[in-house]
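Enquirer: query_19.csv is reproduced in full below (CSV, C-alpha atoms).
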```csv
chain,number,residue,atom,x,y,z
A,1,MET,CA,33.0,115.0,-30.1
A,2,VAL,CA,30.9,114.4,-33.2
A,3,LYS,CA,31.3,110.9,-34.7
A,4,GLU,CA,32.2,110.9,-38.4
A,5,TYR,CA,32.6,107.9,-40.7
A,6,SER,CA,34.7,107.2,-43.8
A,7,ILE,CA,32.9,105.9,-46.8
A,8,GLY,CA,34.3,102.4,-46.0
A,9,GLN,CA,33.1,102.6,-42.4
A,10,LEU,CA,29.7,103.8,-43.6
A,11,SER,CA,29.6,101.0,-46.2
A,12,LYS,CA,30.2,98.3,-43.5
A,13,LEU,CA,27.8,99.9,-40.9
A,14,CYS,CA,24.9,100.1,-43.4
A,15,ASP,CA,25.8,97.0,-45.5
A,16,VAL,CA,25.8,99.2,-48.6
A,17,LYS,CA,28.6,99.0,-51.2
A,18,VAL,CA,30.8,102.0,-51.7
A,19,PRO,CA,29.8,102.6,-55.3
A,20,THR,CA,26.2,102.5,-54.2
A,21,ILE,CA,26.9,105.2,-51.6
A,22,ARG,CA,28.5,107.3,-54.3
A,23,TYR,CA,25.5,106.7,-56.6
A,24,TYR,CA,23.1,107.9,-53.9
A,25,GLU,CA,25.2,111.0,-53.6
A,26,GLU,CA,25.1,111.5,-57.3
A,27,ILE,CA,21.3,111.2,-57.4
A,28,ASP,CA,20.9,113.5,-54.4
A,29,LEU,CA,19.6,110.9,-51.9
A,30,LEU,CA,22.6,111.6,-49.7
A,31,GLU,CA,24.2,115.0,-49.3
A,32,PRO,CA,27.8,115.1,-50.4
A,33,PRO,CA,29.9,114.9,-47.3
A,34,ALA,CA,32.6,117.2,-46.1
A,35,ARG,CA,36.1,116.1,-47.0
A,36,THR,CA,39.3,116.0,-45.1
A,37,SER,CA,42.3,118.0,-46.4
A,38,GLY,CA,43.4,114.8,-48.0
A,39,GLY,CA,40.0,114.6,-49.9
A,40,GLN,CA,38.6,111.7,-47.9
A,41,ARG,CA,34.8,111.8,-47.4
A,42,ARG,CA,33.7,112.2,-43.8
A,43,TYR,CA,30.0,111.4,-43.1
A,44,PRO,CA,28.2,112.6,-40.0
A,45,GLN,CA,25.8,110.5,-38.0
A,46,GLY,CA,22.8,111.9,-39.9
A,47,ALA,CA,24.2,110.5,-43.2
A,48,ARG,CA,24.5,107.1,-41.5
A,49,ASP,CA,20.9,107.3,-40.3
A,50,ARG,CA,19.7,108.3,-43.8
A,51,LEU,CA,21.7,105.7,-45.6
A,52,SER,CA,20.4,103.1,-43.2
A,53,MET,CA,16.8,104.2,-44.0
A,54,ILE,CA,17.5,104.2,-47.7
A,55,ALA,CA,19.1,100.7,-47.6
A,56,HIS,CA,16.2,99.3,-45.6
A,57,ALA,CA,13.6,100.9,-47.9
A,58,ARG,CA,15.5,99.4,-50.9
A,59,ASP,CA,15.5,96.0,-49.2
A,60,LEU,CA,11.7,96.3,-48.9
A,61,GLY,CA,11.5,97.1,-52.7
A,62,PHE,CA,10.6,100.8,-52.5
A,63,SER,CA,11.5,102.7,-55.6
A,64,ILE,CA,14.0,105.6,-55.6
A,65,ASP,CA,11.1,108.0,-56.2
A,66,SER,CA,9.3,106.7,-53.1
A,67,ILE,CA,12.5,107.0,-51.1
A,68,ARG,CA,12.9,110.6,-52.3
A,69,GLU,CA,9.4,111.3,-51.0
A,70,PHE,CA,10.2,109.6,-47.7
A,71,ILE,CA,13.3,111.9,-47.4
A,72,ARG,CA,11.3,115.0,-48.4
A,73,MET,CA,8.6,114.2,-45.8
A,74,SER,CA,11.1,113.4,-43.1
A,75,ASN,CA,12.1,117.1,-43.3
A,76,HIS,CA,8.5,117.9,-42.2
A,77,PRO,CA,8.0,116.0,-39.0
A,78,THR,CA,4.8,117.6,-38.0
A,79,ALA,CA,3.0,117.0,-41.3
A,80,PRO,CA,0.4,114.3,-41.6
A,81,CYS,CA,1.8,111.0,-42.8
A,82,GLU,CA,-1.1,110.1,-45.2
A,83,ASP,CA,1.2,110.6,-48.2
A,84,LEU,CA,3.7,108.2,-46.8
A,85,ASP,CA,0.8,105.8,-46.0
A,86,SER,CA,-0.3,106.0,-49.6
A,87,ILE,CA,3.1,105.2,-50.9
A,88,ALA,CA,3.4,102.2,-48.6
A,89,GLU,CA,-0.2,101.0,-49.5
A,90,LYS,CA,0.5,101.3,-53.2
A,91,HIS,CA,3.8,99.3,-52.8
A,92,LEU,CA,1.9,96.7,-50.8
A,93,ALA,CA,-0.7,96.3,-53.5
A,94,ASP,CA,2.2,96.0,-56.1
A,95,VAL,CA,3.8,93.3,-54.0
A,96,GLN,CA,0.6,91.4,-53.5
A,97,ASN,CA,0.0,91.6,-57.3
A,98,ARG,CA,3.5,90.2,-57.9
A,99,ILE,CA,2.9,87.4,-55.4
A,100,LYS,CA,-0.3,86.4,-57.3
A,101,LYS,CA,1.6,86.4,-60.5
A,102,LEU,CA,4.4,84.3,-59.0
A,103,GLN,CA,1.8,81.9,-57.5
A,104,ALA,CA,0.3,81.5,-61.0
A,105,LEU,CA,3.8,80.9,-62.4
A,106,GLU,CA,4.5,78.3,-59.7
A,107,THR,CA,1.2,76.5,-60.5
A,108,GLU,CA,2.0,76.5,-64.2
A,109,LEU,CA,5.6,75.3,-63.8
A,110,THR,CA,4.4,72.6,-61.4
A,111,ALA,CA,1.7,71.4,-63.8
A,112,MET,CA,4.2,71.5,-66.7
A,113,LEU,CA,6.7,69.3,-64.8
A,114,LYS,CA,4.0,66.9,-63.6
A,115,SER,CA,2.6,66.5,-67.1
A,116,CYS,CA,6.1,65.6,-68.5
A,117,ASP,CA,6.9,61.9,-68.6
A,118,HIS,CA,10.6,62.7,-68.6
A,119,GLY,CA,11.2,60.7,-71.8
A,120,ARG,CA,12.8,62.0,-74.9
A,121,VAL,CA,13.2,65.7,-75.9
A,122,ALA,CA,11.2,65.1,-79.0
A,123,ASP,CA,8.2,64.2,-76.8
A,124,CYS,CA,8.9,66.7,-74.1
A,125,ARG,CA,5.7,68.2,-72.7
A,126,ILE,CA,7.6,71.2,-71.4
A,127,LEU,CA,8.7,72.2,-74.9
A,128,HIS,CA,5.1,71.7,-76.2
A,129,VAL,CA,3.7,74.0,-73.5
A,130,LEU,CA,6.4,76.6,-74.0
A,131,SER,CA,5.6,76.5,-77.8
A,132,ASP,CA,1.9,77.0,-77.3
A,133,HIS,CA,0.6,79.4,-74.6
A,134,ASP,CA,-2.9,78.0,-75.1
A,135,GLN,CA,-1.7,74.7,-73.4
A,136,CYS,CA,-1.0,76.6,-70.2
A,137,GLN,CA,-3.4,76.1,-67.3
A,138,THR,CA,-3.2,79.6,-65.9
A,139,GLN,CA,-2.8,83.1,-67.1
A,140,HIS,CA,0.7,84.2,-66.0
```
Is it possible to express this structure as structure tokens?
Expert:
Amino acid sequence: MVKEYSIGQLSKLCDVKVPTIRYYEEIDLLEPPARTSGGQRRYPQGARDRLSMIAHARDLGFSIDSIREFIRMSNHPTAPCEDLDSIAEKHLADVQNRIKKLQALETELTAMLKSCDHGRVADCRILHVLSDHDQCQTQH
């Protein structure tokens, strides 16, 4: 017997909200499932596997376009995976760049708070720095 899932079951199993599952169908990341005579969606195991992969990829910050490529390439299991490697490497570089920017932001906010004497708003160092980017210690 083939296991099938309702949209609610699939939602719980993959920790993806029902509207998101419908959206993934709408943008062709998931194939529209068969329906019962009552119109209920019935998803096969393959849809569960794909949705799980999509959800994990989204959790890792991959774009919808990258996920489309992952899906496309998954249909060619004997093809070399250098295109997938390239997508992951580019995403890693983007993440590393965002981390650097966040670290600069952390440095700036820390410096801003340390330079504030926590007195009156009229003398607030935070407002002065926010009003004049040249007072920042980092490029952020």
Enquirer: Write out as number ranges by chain each polymer residue whose atoms come within 12 Å of Glu25 of chain A, counting all atoms listed in the file; drop sequence neighbours fewer than 5 positions from it.
Expert: A: 7, 18-20, 30-33, 41, 43, 47, 50-51, 54
Enquirer: Please report the interatomic distance between atom CA of Tyr5 of chain A and atom CA of Ala57 of chain A in Å with one decimal.
Expert: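 Atom CA of Ala57 of chain A lies at a distance of 21.5 Å from atom CA of Tyr5 of chain A.
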Enquirer: So how far away is atom CA of Gly61 of chain A from atom CA of Glu89 of chain A, in Å?
Expert: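 Those two atoms sit 12.7 Å apart.
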Enquirer: List as a PyMOL selection string the protein and nucleic acid residues near Asp83 of chain A, meaning an atom at most 9 Å away when all atoms listed in the file are counted, but skip any in the same chain fewer than 3 places from it.
Expert: chain A and resi 69+73+80+86-88
Enquirer: For Asp49 of chain A, which residue among A:Cys14, A:Ala34, A:Ile21, A:Leu127 is the nearest when counting all atoms listed in the file?
Expert: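 The shortest atom-to-atom distance to Asp49 of chain A comes from A:Cys14.
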Enquirer: Which is closest to Cys136 of chain A among A:Ser66, A:Ser6, A:Ser74, A:Thr107, if we use all atoms listed in the file?
Expert: A:Thr107
Enquirer: Which of these, A:Ala111, A:Leu29, A:Leu105, A:Ile99, has the shortest distance to Ile71 of chain A once you count all atoms listed in the file?
Expert: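 Once distances to Ile71 of chain A are computed over all atoms listed in the file, the minimum belongs to A:Leu29.
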